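Each remark here refers to the structure printed beneath this line.
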Amino acid sequence: MLSLIPLFPFAGFLVNATLGKRLPKAVSGGLASLAMVASFIVAVMKVMTLASFSPGVRSITEPLYTWIAAGDFHLDVALRLDPLSALMILVITGIGSLIHIYSTAYMHDETDSEFARYFSYLNLFAAFMLTLVLGSSVLVMFVGWEGVGLCSYLLIGFYYKKKSASDAGKKAFIVNRVGDYAFILGALILATHFGTLEFQGLASAIAPLPIEHHFGMLSIAALLLFIGATGKSAQIPLYVWLPDAMEGPTPVSALIHAATMVTAGVYMIGRNAVLFSHAPQVLQIIAVVGAATALFAGTIGLVQNDIKRVLAYSTVSQLGYMFLAMGVGAYGAGIFHLYTHAFFKALLFLGSGAVIHALHGEQDIRNMGGLRKHLPITYWTFLIGSLAIAGVPGLAGFFSKDEILFETFANGHTILWVVGALTSLLTATYMFRLVFLTFHGERRHDAPSAHDTHGHGAHDAHAGHAHGGGHLHDAPAAMALALILLAAGSVAAGYIGRPEPLGGTNWLGTWLAPVFEAPVVEATGEFAPPPGVEPEHESHAAAHEGGHESLEVTLMGVSSVIALLGIGFAAFVWLKRRDIAEGAARSLAPIHRTLLNKYYVDEFYDAVVVRPIHALSRDGLWTMDAKIVDGAVNGVASIVSSLAGALRQLQTGSVRAYAGSVFVGVVLLLGYYFWR
Amino acid sequence: MLTLLVVLPVIGALLLAAVPNADGRKDGLVRWLALAVSVVMFGLTLLLWLRFDNAAEGYQFLQRVPWIPAFGINYSVGIDGISLMLIVLTGFLTPIALLSSWESVHAHVKSFAIFILLLEAAMIGVFISLDLFLFYVFWDAMLIPMYFLIGIWGYDQRVYAAVKFMLYTMAGSVLMLIAILGLAYLNQVATGSYSFDIQKLALLHVAPRTQFWFFLAFALAFAIKVPLFPFHTWLPDAHVQAPTAGSVILAGVLLKMGTYGLIRFAFPLFPEAAAYFAPFIAVLAIIGIVYGALVAMVQPDMKKLVAYSSVSHLGFVVLGICAMNMQGMQGAVYQMLAHGVSTGGLFLMVGMLSDRRHTRLIAEFGGLKAVMPKLTAGFLLMTLASIGLPGMNGFVGEFLIMLGAFKADPRYVIVAGLGVILSAVYMLWMFQRVFYGPVTNEKNAKLKDLSPREWAALVPLVALAVFMGVAPGIFIRPTDQAVKAVVERLDAVKTEHAEHRAAPVPDAVSAAVVAPAEGK
């Protein structure tokens, strides 16, 4: 039954991949969306079953078959539903369904076969992501892990005739592979030391081990897995693929950024919380990398002019928050933010898609403005998403971001808290810069039209009247439905994790808590207090007790002020005094240019990694292969052949060749025999 | 049963020879007849698999007929799981190779078909031989049809490539022959009679110093065949010049002769020497993995690119063998099969492109996805199999090999794992340049997609690549006992090898100290 959840979209993939081009769009798109909805329904049913269990024993395991068995290594393909994967499958199938439905309208200008191809990839993406979160072992997770990498390759490069698109797809796959290399090494350490790759088995084996205050085996394994996560979840130093990923159709960005792929790294750390908790130094590294990424990406986001690129950097930045949470040991808070972020980031990307759709492929915000009047649904939903991501009190992003910042502060990471708060200011600023430039003011055409470079396949057809200006269509029904539902989610989603000082019970935290501790059955009570025994609201985190409450309220106030400050600043600059922004960009030209060019990190990698390897291979190794390695062989061959010319004559014949070699052997043997 | 597998293709070849076809008018009949024989052969190999007992130890389907009794040479055949799987692979790839040449080979169709069938007979002969002399006969017999396949039906520089292939492998074979004869002689000294039977020779206790030389002779012959860095340079030439059918069989089966030889003969017959040399060979294998991948990356010719990728992939196989534990060896055997399927498939598809455009240069193509969607889909799947995407066949082998190698020495994997990144780089880069982008070259605009015949050749390969990745157990289980036997034999001496490391190099084989075997 559990296996149905990934199987539905997988079946959708198979049908669309094989028969798709003969199916009309309504059938192929409908089938794909239906597969996702079916998967969502099954997921809801299974999660309800799970919720009916008592908290200590909340898990459903479904072994399928033995995948790999060699010697003492044995690995089953098995799916496992527990509170963490339950949350994930709801997000993936729920938001995934909306993205599918939205896509039926967004991609409608494509030909039948391209349309079907798109939906087959989309289904496959969901199937792999569901495998990733449901897999009960590192290796089954890795199937999904690489699988989503593959699908991102296919979807980012969907407009394959465009070089920038296929380049971006390839970049995504290869950068991910670099992370996967580390991931596999980490998995090998675990497999070698513990003889299993089952998450449960690993957690129970690791739990009794002492916490590594010095860098030991567990720390190395954890660090390697984390490097894998930096690839998948776009953190420093492997984040470079994500901003380019916007080359794909916009709903794909929503899928990659919100519901699926990039959350995999955060999920993986949550899944292996016991391991990471045993490696405090690695946690420290994670926290610092997360905070640094959050700030770094936020600064880049501030100056980008492509609507999707701004959102892409905001994803990198928000993922940084999640890693910051994981790094300070607040796994529940990290997952909480993952979950709320899925709503508003999907909303924002789909909203940006609605804008791009209405403007026939225009993505440069310098050519937008004043769209509020023409696209009311898009505007209001986009605004809600922006308020949510900025952390305005009452919306989803506020609760989760606040919890992360609070946990960071409460665990003594004051500097990281400052970085987080600063990023929060940046987030509010660049998001509302985006809102104001896109939707407010008057329509502008400041930048050269992007159509020649950004034309979207079929959108090119009516590029001619893109700037006619007269009539802009707001999102069609299927797209509007997704936007409105996601906007509702962006408002309400946070309330399942409402902090106690505000009179809520952190229901989500309680639900997730057992996952981050060692399995109850094997571990002693010291590691895993049976959660059912305690009153629910206390089991989440000791940090919530007593004096912390007032601290939490204070911090909440601070972050609320920061969010409003950022919005106000953006409103002042980009609504009232755009000249300030332009003046700042001029007077701080070097900084502005550096930010605009994303700190030249791509150029740096190109110069330091890509080019040298290529040059080494082409001018070094290949030349060497022909001249030296092969040259030596040819040299030896010519010496031998001149010495044994007669023999060589023999060897060019058919049967004689064989006879010749036997002959040589016999002569040598007899020679040796007599000589001896 | 086993003998039938060798005799049947020979009969098929004789039948073909009897068809009067001087003017090429019966080409169709010749093709169908050859295909029929090879399909029946494949059926027989499957039947063999069906009747094979996974749980039994030792060799099965044994048959022994004295051949040259004076020297203890027997026609002695039998198989274990490793040889079984390679026989099935051979049976599987031969019809595909024939199909691949259906339209590309027009000259001397009859001889072509005869050589393919004779090649099949010889390859199966190699895998079933339990007598070293018999093994050697088949081993060299295999070279002859391949030599002609490359030399007659190859591309521009076919003669150079064929001669290089021949001389290179021959050089290794001669050394091996000396070692084989030497072993028979040692057996004579120890037991009073010559023997080439590997089951008997396995009981022979060869002094470590002597093993050193014997192992080197065997290993060198096999290393050339694999090919292990730095003995690989014949491979790109041979592959590039060979006709598609030749490349498919060369990559699919012939390269495995080298790794098969290492597992079957070099390692178990000389365990002390193997334990001594394994780290060195592992280092060469790892160099090959990275080096092959880097050189593949910059190839302008698709066939050369795939050829160098084989150097990289086979490096993994050798690394697995050198790990000398269950996971490594199982992974190596499995990877031999997986590589045969995925690389065979890649060569097949490169051949299809080359049939259409008479060029294999990547720069000549571009944008084929819009023109040939079916081929593109097939190529993508094979690319994914080749780069080891989990769920496809390449991953299982690579993972087991890395696990085994990691147990042997984690440093191996740290370097070898880079090959996993690089394989994605060179394969996806080629894929992008050939299939993505706009159609820039007019000649590509009207290319026909797969014909039914090409479809028939490709679909089994693609399906198997996926199936092997999802259910690898079916292909691993038969080899369990065989691999275990090799590993146990190596385990017995692994602990001792440290002391031999310091042993001075013997100056001649005459330094051999021979002792009778202690009964096992």
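Each chain in the structure tokens gets a letter, A, B, ..., in the order shown, and its residues are numbered from 1; ligands are numbered from 1 in order too.
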
Within 6 Å of chain A, which residues belong to chain B? Use only C-alpha atoms and report them as a ChimeraX atom specification. /B:177-178,233,294-295,298,326-327,390,421,436-438

Please identify all polymer residues within 8 Å of Ala287 of chain A, counting only C-alpha atoms, omitting same-chain residues fewer than 2 positions from it, and present them as a ChimeraX atom specification. /A:283-285,289-291,323-328,416

Keeping all heavy atoms, export the residues of the selection given above as a CSV table (one decimal), in the first residue's frame.
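Resulting contents of selection_30.csv:
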```csv
chain,number,residue,atom,x,y,z
A,283,LEU,N,28.0,19.4,13.3
A,283,LEU,CA,26.8,20.3,13.4
A,283,LEU,C,27.2,21.8,13.4
A,283,LEU,O,26.6,22.6,12.8
A,283,LEU,CB,26.1,20.0,14.7
A,283,LEU,CG,25.3,18.7,14.7
A,283,LEU,CD1,24.6,18.5,16.1
A,283,LEU,CD2,24.2,18.8,13.6
A,284,GLN,N,28.3,22.1,14.1
A,284,GLN,CA,28.8,23.4,14.1
A,284,GLN,C,29.1,23.9,12.6
A,284,GLN,O,28.7,25.0,12.2
A,284,GLN,CB,30.1,23.5,14.9
A,284,GLN,CG,30.7,24.9,15.1
A,284,GLN,CD,29.7,25.7,16.0
A,284,GLN,OE1,29.1,25.2,16.9
A,284,GLN,NE2,29.6,27.0,15.6
A,285,ILE,N,29.8,23.0,11.9
A,285,ILE,CA,30.1,23.4,10.5
A,285,ILE,C,28.8,23.6,9.7
A,285,ILE,O,28.7,24.6,9.0
A,285,ILE,CB,30.9,22.2,9.8
A,285,ILE,CG1,32.3,22.1,10.5
A,285,ILE,CG2,31.0,22.5,8.3
A,285,ILE,CD1,33.1,20.9,10.0
A,289,VAL,N,27.8,27.0,7.8
A,289,VAL,CA,27.6,27.0,6.4
A,289,VAL,C,26.2,27.5,6.1
A,289,VAL,O,26.0,28.3,5.2
A,289,VAL,CB,27.8,25.6,5.8
A,289,VAL,CG1,27.3,25.5,4.4
A,289,VAL,CG2,29.3,25.2,5.8
A,290,GLY,N,25.2,27.0,6.9
A,290,GLY,CA,23.9,27.4,6.6
A,290,GLY,C,23.7,28.9,6.8
A,290,GLY,O,23.1,29.6,5.9
A,291,ALA,N,24.2,29.4,7.9
A,291,ALA,CA,24.1,30.9,8.1
A,291,ALA,C,24.8,31.7,7.0
A,291,ALA,O,24.2,32.7,6.5
A,291,ALA,CB,24.6,31.2,9.5
A,323,PHE,N,19.4,24.7,7.2
A,323,PHE,CA,20.7,24.1,7.7
A,323,PHE,C,21.1,24.7,9.0
A,323,PHE,O,21.7,24.0,9.9
A,323,PHE,CB,21.7,24.2,6.6
A,323,PHE,CG,21.6,23.1,5.6
A,323,PHE,CD1,20.9,23.4,4.4
A,323,PHE,CD2,22.0,21.8,5.8
A,323,PHE,CE1,20.7,22.4,3.4
A,323,PHE,CE2,21.8,20.8,4.9
A,323,PHE,CZ,21.2,21.1,3.7
A,324,LEU,N,20.9,26.0,9.2
A,324,LEU,CA,21.3,26.6,10.4
A,324,LEU,C,20.5,25.9,11.6
A,324,LEU,O,21.1,25.6,12.6
A,324,LEU,CB,20.9,28.1,10.4
A,324,LEU,CG,21.0,28.9,11.7
A,324,LEU,CD1,22.5,28.9,12.2
A,324,LEU,CD2,20.6,30.4,11.5
A,325,ALA,N,19.3,25.7,11.3
A,325,ALA,CA,18.5,25.0,12.3
A,325,ALA,C,19.0,23.6,12.6
A,325,ALA,O,19.2,23.2,13.8
A,325,ALA,CB,17.0,24.9,11.9
A,326,MET,N,19.3,22.9,11.6
A,326,MET,CA,19.8,21.5,11.8
A,326,MET,C,21.1,21.6,12.5
A,326,MET,O,21.4,20.8,13.4
A,326,MET,CB,20.1,20.8,10.4
A,326,MET,CG,18.9,20.6,9.5
A,326,MET,SD,17.4,20.2,10.4
A,326,MET,CE,16.8,18.7,9.7
A,327,GLY,N,22.0,22.6,12.2
A,327,GLY,CA,23.3,22.7,12.8
A,327,GLY,C,23.2,23.0,14.3
A,327,GLY,O,24.1,22.6,15.0
A,328,VAL,N,22.2,23.8,14.7
A,328,VAL,CA,22.1,24.1,16.1
A,328,VAL,C,21.3,23.0,16.8
A,328,VAL,O,21.0,23.1,18.0
A,328,VAL,CB,21.5,25.4,16.4
A,328,VAL,CG1,22.4,26.5,15.8
A,328,VAL,CG2,20.1,25.5,15.9
A,416,LEU,N,25.6,33.7,15.1
A,416,LEU,CA,24.8,33.1,14.0
A,416,LEU,C,23.4,33.7,14.0
A,416,LEU,O,22.7,33.9,13.0
A,416,LEU,CB,24.7,31.6,14.2
A,416,LEU,CG,26.0,30.8,13.9
A,416,LEU,CD1,25.8,29.3,14.1
A,416,LEU,CD2,26.5,31.1,12.6
```

Might you pull out every residue within 12 Å of Val371 of chain B, with only C-alpha atoms counted and same-chain residues fewer than 2 positions away left off, and present them as a CSV table (one decimal) with N, CA and C atoms, in the first residue's frame?
```
chain,number,residue,atom,x,y,z
A,161,LYS,N,16.7,22.7,-27.1
A,161,LYS,CA,17.3,23.4,-28.2
A,161,LYS,C,18.1,24.6,-27.8
B,365,PHE,N,27.4,16.3,-35.2
B,365,PHE,CA,26.0,16.1,-34.9
B,365,PHE,C,25.5,17.3,-34.0
B,366,GLY,N,24.3,17.1,-33.5
B,366,GLY,CA,23.7,18.2,-32.7
B,366,GLY,C,22.2,18.2,-33.0
B,367,GLY,N,21.4,18.3,-31.9
B,367,GLY,CA,20.0,18.5,-32.2
B,367,GLY,C,19.3,17.3,-32.6
B,368,LEU,N,19.9,16.1,-32.5
B,368,LEU,CA,19.2,14.9,-33.0
B,368,LEU,C,18.0,14.5,-32.2
B,369,LYS,N,17.8,15.1,-31.0
B,369,LYS,CA,16.6,14.7,-30.2
B,369,LYS,C,15.3,15.0,-31.0
B,373,PRO,N,13.8,10.8,-32.0
B,373,PRO,CA,13.5,10.7,-30.5
B,373,PRO,C,13.7,9.4,-29.9
B,374,LYS,N,13.4,8.3,-30.7
B,374,LYS,CA,13.6,7.0,-30.2
B,374,LYS,C,15.0,6.6,-29.8
B,375,LEU,N,15.9,6.9,-30.8
B,375,LEU,CA,17.3,6.7,-30.6
B,375,LEU,C,17.8,7.5,-29.4
B,376,THR,N,17.3,8.7,-29.3
B,376,THR,CA,17.7,9.6,-28.2
B,376,THR,C,17.3,9.0,-26.9
B,377,ALA,N,16.1,8.5,-26.8
B,377,ALA,CA,15.6,7.9,-25.5
B,377,ALA,C,16.5,6.7,-25.2
B,434,VAL,N,25.5,15.9,-28.9
B,434,VAL,CA,24.9,15.1,-30.0
B,434,VAL,C,23.4,15.3,-30.2
B,435,PHE,N,22.8,15.3,-29.0
B,435,PHE,CA,21.3,15.3,-29.1
B,435,PHE,C,20.6,16.6,-28.8
B,436,TYR,N,21.2,17.4,-28.0
B,436,TYR,CA,20.5,18.7,-27.7
B,436,TYR,C,20.9,19.8,-28.6
B,437,GLY,N,20.3,20.9,-28.4
B,437,GLY,CA,20.6,22.1,-29.3
B,437,GLY,C,19.8,22.0,-30.5
B,438,PRO,N,19.9,23.1,-31.4
B,438,PRO,CA,19.2,23.0,-32.7
B,438,PRO,C,20.0,22.2,-33.6
B,439,VAL,N,19.3,21.7,-34.7
B,439,VAL,CA,20.0,21.0,-35.7
B,439,VAL,C,20.8,21.9,-36.5
B,440,THR,N,22.1,21.8,-36.4
B,440,THR,CA,23.0,22.8,-37.1
B,440,THR,C,23.5,22.3,-38.4
B,441,ASN,N,23.6,21.0,-38.5
B,441,ASN,CA,24.1,20.5,-39.8
B,441,ASN,C,22.9,19.9,-40.6
B,442,GLU,N,22.8,20.4,-41.8
B,442,GLU,CA,21.6,20.0,-42.6
B,442,GLU,C,21.5,18.5,-42.8
B,443,LYS,N,22.7,17.9,-42.9
B,443,LYS,CA,22.6,16.4,-43.2
B,443,LYS,C,21.9,15.7,-42.1
B,444,ASN,N,21.8,16.3,-40.9
B,444,ASN,CA,21.2,15.6,-39.8
B,444,ASN,C,19.7,15.8,-39.7
B,445,ALA,N,19.2,16.8,-40.6
B,445,ALA,CA,17.8,17.2,-40.5
B,445,ALA,C,16.8,16.1,-40.9
B,446,LYS,N,17.3,15.2,-41.8
B,446,LYS,CA,16.3,14.2,-42.3
B,446,LYS,C,16.7,12.8,-41.9
B,447,LEU,N,17.5,12.6,-40.9
B,447,LEU,CA,17.9,11.3,-40.5
B,447,LEU,C,16.6,10.5,-40.1
B,448,LYS,N,16.6,9.2,-40.5
B,448,LYS,CA,15.5,8.3,-40.1
B,448,LYS,C,15.7,7.8,-38.6
B,449,ASP,N,14.6,7.7,-37.9
B,449,ASP,CA,14.7,7.2,-36.6
B,449,ASP,C,14.9,5.6,-36.7
B,450,LEU,N,14.9,5.0,-35.6
B,450,LEU,CA,15.2,3.5,-35.6
B,450,LEU,C,14.3,2.7,-36.5
```

Polymer residues at most 12 Å from Leu464 of chain B, only C-alpha atoms, same-chain spacing of 6 or more positions, as number ranges by chain: B: 89, 92-93, 337-342, 344-345, 381-382, 385, 391-394, 457-458, 470-472, 474-475

Those residues you just picked out, can you put them in a file as a PDB file, in the first residue's frame with C-alpha atoms?
```pdb
ATOM      1  CA  LEU B  89      26.161 -12.746 -21.992  1.00  0.00           C
ATOM      2  CA  PHE B  92      22.834 -12.667 -25.680  1.00  0.00           C
ATOM      3  CA  LEU B  93      25.169 -10.304 -27.501  1.00  0.00           C
ATOM      4  CA  LEU B 337      27.937  -8.257 -17.201  1.00  0.00           C
ATOM      5  CA  ALA B 338      26.618  -4.753 -16.699  1.00  0.00           C
ATOM      6  CA  HIS B 339      29.381  -3.201 -18.735  1.00  0.00           C
ATOM      7  CA  GLY B 340      28.792  -5.714 -21.498  1.00  0.00           C
ATOM      8  CA  VAL B 341      25.189  -4.668 -21.740  1.00  0.00           C
ATOM      9  CA  SER B 342      25.532  -0.913 -21.401  1.00  0.00           C
ATOM     10  CA  GLY B 344      27.530  -2.926 -25.993  1.00  0.00           C
ATOM     11  CA  GLY B 345      24.419  -0.813 -26.287  1.00  0.00           C
ATOM     12  CA  LEU B 381      18.948   5.269 -20.900  1.00  0.00           C
ATOM     13  CA  MET B 382      22.229   3.629 -21.842  1.00  0.00           C
ATOM     14  CA  ALA B 385      23.228   2.938 -17.131  1.00  0.00           C
ATOM     15  CA  GLY B 391      18.184   1.643 -10.474  1.00  0.00           C
ATOM     16  CA  MET B 392      20.230   0.924 -13.574  1.00  0.00           C
ATOM     17  CA  ASN B 393      22.777  -1.852 -13.895  1.00  0.00           C
ATOM     18  CA  GLY B 394      25.924   0.235 -13.602  1.00  0.00           C
ATOM     19  CA  ALA B 457      18.558  -5.053 -31.428  1.00  0.00           C
ATOM     20  CA  LEU B 458      18.325  -2.175 -28.983  1.00  0.00           C
ATOM     21  CA  VAL B 470      16.245  -3.356 -10.341  1.00  0.00           C
ATOM     22  CA  ALA B 471      16.735  -7.055  -9.719  1.00  0.00           C
ATOM     23  CA  PRO B 472      20.463  -7.644  -9.588  1.00  0.00           C
ATOM     24  CA  ILE B 474      19.041 -12.833 -10.262  1.00  0.00           C
ATOM     25  CA  PHE B 475      22.439 -12.195 -11.806  1.00  0.00           C
TER      26      PHE B 475
END
```

I want to know what sits within 8 Å of segment 164-169 of chain B, based on only C-alpha atoms, with residues of the same chain fewer than 2 positions away left out; could you give that as a list in words?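 Here the answer would be Ala637 of chain A; Leu143, Tyr147, Tyr160, Ala161, Ala162, Ala171, Gly172, Ser173, Ala221, Ile224, Lys225, Trp234, Leu235 and Ala238 of chain B.
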
Got a sec to tell me which of segment 125-323 of chain B DSSP assigns to strand (DSSP E or B), as a compact mmCIF listing (two decimals) with all heavy atoms, in the first residue's frame?
```
# COMPACT_ATOMS: atom_id res chain seq x y z
N SER B 129 36.51 -23.90 -20.62
CA SER B 129 37.71 -24.73 -20.50
C SER B 129 38.16 -24.87 -19.06
O SER B 129 38.29 -23.87 -18.34
CB SER B 129 38.86 -24.10 -21.30
OG SER B 129 38.54 -24.08 -22.65
N ASP B 131 40.85 -26.98 -18.75
CA ASP B 131 42.20 -27.44 -19.02
C ASP B 131 42.96 -26.26 -19.61
O ASP B 131 42.49 -25.62 -20.56
CB ASP B 131 42.14 -28.60 -20.02
CG ASP B 131 43.51 -29.18 -20.29
OD1 ASP B 131 44.29 -28.52 -21.01
OD2 ASP B 131 43.79 -30.27 -19.77
N ASP B 197 45.15 -29.49 -15.99
CA ASP B 197 43.82 -29.39 -15.42
C ASP B 197 43.84 -28.40 -14.25
O ASP B 197 44.59 -28.59 -13.29
CB ASP B 197 43.39 -30.77 -14.93
CG ASP B 197 41.94 -30.78 -14.49
OD1 ASP B 197 41.51 -29.79 -13.85
OD2 ASP B 197 41.25 -31.76 -14.81
N HIS B 205 51.07 -26.94 -4.61
CA HIS B 205 51.58 -25.84 -3.81
C HIS B 205 52.81 -25.26 -4.48
O HIS B 205 53.87 -25.89 -4.53
CB HIS B 205 51.90 -26.29 -2.39
CG HIS B 205 52.25 -25.13 -1.51
ND1 HIS B 205 53.53 -24.66 -1.41
CD2 HIS B 205 51.48 -24.33 -0.75
CE1 HIS B 205 53.55 -23.61 -0.60
NE2 HIS B 205 52.30 -23.39 -0.18
N VAL B 206 52.65 -24.08 -5.02
CA VAL B 206 53.77 -23.46 -5.72
C VAL B 206 54.44 -22.49 -4.76
O VAL B 206 53.76 -21.71 -4.09
CB VAL B 206 53.26 -22.70 -6.96
CG1 VAL B 206 54.43 -22.17 -7.76
CG2 VAL B 206 52.40 -23.61 -7.81
N ASP B 301 35.70 11.95 -31.03
CA ASP B 301 35.09 10.84 -31.74
C ASP B 301 34.27 10.01 -30.73
O ASP B 301 34.79 9.59 -29.71
CB ASP B 301 36.22 9.99 -32.35
CG ASP B 301 35.70 8.81 -33.13
OD1 ASP B 301 34.84 8.08 -32.60
OD2 ASP B 301 36.15 8.61 -34.27
```

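Taking only C-alpha atoms, the non-local environment of Arg25 of chain B within 12 Å (same-chain residues fewer than 3 positions away omitted) comprises B:Val19, B:Pro20, B:Asn21, B:Ala22, B:Gly28, B:Leu29, B:Val30, B:Arg31, B:His106, B:Ala107, B:His108, B:Val109, B:Lys110.
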
Selected residues written out with N, CA, C and O atoms, as a compact mmCIF listing (two decimals), in the first residue's frame:
```txt
# COMPACT_ATOMS: atom_id res chain seq x y z
N VAL B 19 26.65 -22.55 -48.37
CA VAL B 19 25.70 -21.79 -49.19
C VAL B 19 26.46 -21.13 -50.33
O VAL B 19 27.40 -20.37 -50.08
N PRO B 20 26.09 -21.41 -51.57
CA PRO B 20 26.79 -20.75 -52.66
C PRO B 20 26.36 -19.29 -52.76
O PRO B 20 25.18 -19.01 -52.96
N ASN B 21 27.28 -18.42 -52.53
CA ASN B 21 26.90 -17.01 -52.44
C ASN B 21 27.98 -16.11 -53.01
O ASN B 21 28.27 -15.04 -52.48
N ALA B 22 28.61 -16.57 -54.08
CA ALA B 22 29.73 -15.80 -54.61
C ALA B 22 29.29 -14.42 -55.09
O ALA B 22 30.00 -13.44 -54.93
N GLY B 28 20.60 -12.41 -48.00
CA GLY B 28 19.47 -12.46 -47.07
C GLY B 28 19.41 -13.79 -46.35
O GLY B 28 19.32 -13.86 -45.13
N LEU B 29 19.52 -14.86 -47.12
CA LEU B 29 19.47 -16.20 -46.53
C LEU B 29 20.60 -16.37 -45.52
O LEU B 29 20.40 -16.87 -44.41
N VAL B 30 21.79 -15.92 -45.93
CA VAL B 30 22.96 -16.05 -45.05
C VAL B 30 22.70 -15.33 -43.72
O VAL B 30 22.93 -15.87 -42.65
N ARG B 31 22.16 -14.13 -43.84
CA ARG B 31 21.92 -13.35 -42.62
C ARG B 31 20.92 -14.05 -41.73
O ARG B 31 21.13 -14.17 -40.52
N HIS B 106 27.94 -5.07 -46.32
CA HIS B 106 27.43 -5.49 -47.63
C HIS B 106 28.43 -6.36 -48.37
O HIS B 106 28.07 -7.12 -49.25
N ALA B 107 29.69 -6.21 -48.00
CA ALA B 107 30.72 -6.98 -48.69
C ALA B 107 30.96 -8.29 -47.95
O ALA B 107 31.02 -8.30 -46.72
N HIS B 108 31.10 -9.34 -48.66
CA HIS B 108 31.44 -10.64 -48.08
C HIS B 108 30.56 -10.99 -46.89
O HIS B 108 31.05 -11.33 -45.82
N VAL B 109 29.27 -10.90 -47.10
CA VAL B 109 28.35 -11.13 -45.98
C VAL B 109 28.55 -12.51 -45.40
O VAL B 109 28.50 -12.71 -44.18
N LYS B 110 28.80 -13.46 -46.26
CA LYS B 110 28.92 -14.84 -45.81
C LYS B 110 30.11 -15.00 -44.87
O LYS B 110 29.98 -15.53 -43.77
```

Go through segment 162-281 of chain A and flag each residue having an atom no more than 12 Å from segment 112-128 of chain A; for those, report the closest pair of atoms plus their distance in Å to one decimal, using only C-alpha atoms, ordered by chain and rising number, as a Markdown table.
```
| residue | atom | partner | partner_atom | distance |
| --- | --- | --- | --- | --- |
| A:Gly248 | CA | A:Tyr118 | CA | 10.4 |
| A:Pro249 | CA | A:Tyr118 | CA | 9.2 |
| A:Thr250 | CA | A:Tyr118 | CA | 11.9 |
| A:Pro251 | CA | A:Leu122 | CA | 9.6 |
| A:Val252 | CA | A:Leu122 | CA | 7.7 |
| A:Ser253 | CA | A:Leu122 | CA | 11.2 |
| A:Ala254 | CA | A:Leu122 | CA | 11.4 |
| A:Leu255 | CA | A:Leu122 | CA | 8.6 |
| A:Ile256 | CA | A:Phe125 | CA | 9.0 |
| A:Ala259 | CA | A:Ala126 | CA | 9.1 |
| A:Thr260 | CA | A:Ala126 | CA | 7.5 |
| A:Met261 | CA | A:Phe125 | CA | 8.6 |
| A:Ala264 | CA | A:Phe128 | CA | 11.1 |
```

Prev. selection, C-alpha atoms, output as a PDB file, in the first residue's frame:
```pdb
ATOM      1  CA  GLY A 248      13.521  25.080 -16.947  1.00  0.00           C
ATOM      2  CA  PRO A 249       9.810  25.844 -17.246  1.00  0.00           C
ATOM      3  CA  THR A 250       8.690  27.894 -14.254  1.00  0.00           C
ATOM      4  CA  PRO A 251       6.512  25.236 -12.575  1.00  0.00           C
ATOM      5  CA  VAL A 252       9.605  23.041 -12.549  1.00  0.00           C
ATOM      6  CA  SER A 253      11.367  25.655 -10.479  1.00  0.00           C
ATOM      7  CA  ALA A 254       8.439  25.535  -8.098  1.00  0.00           C
ATOM      8  CA  LEU A 255       8.747  21.786  -7.870  1.00  0.00           C
ATOM      9  CA  ILE A 256      12.519  21.753  -7.461  1.00  0.00           C
ATOM     10  CA  ALA A 259       8.318  20.572  -2.756  1.00  0.00           C
ATOM     11  CA  THR A 260      11.125  18.322  -3.789  1.00  0.00           C
ATOM     12  CA  MET A 261      14.755  18.174  -4.619  1.00  0.00           C
ATOM     13  CA  ALA A 264      16.304  16.445   0.291  1.00  0.00           C
TER      14      ALA A 264
END
```

Quick check, in Å to one decimal: how far apart do atom CA of Asp602 of chain A and atom CA of Ala312 of chain A lie?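 Interatomic distance, atom CA of Asp602 of chain A to atom CA of Ala312 of chain A: 15.5 Å.
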
Can you measure atom CA of Asn367 of chain A to atom CA of Arg443 of chain A for me? One decimal in Å is fine. 7.1 Å

Using only C-alpha atoms, determine which residues lie at most 8 Å from segment 53-63 of chain B, disregarding the query and same-chain residues fewer than 3 positions distant; provide the list as a list in words.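 Once the adjacent positions are removed, what remains is Met1, Leu2, Tyr75, Ser76, Val77, Gly78, Ile79, Asp80, Gly81, Arg477, Pro478, Thr479, Asp480, Gln481 and Ala482 of chain B.
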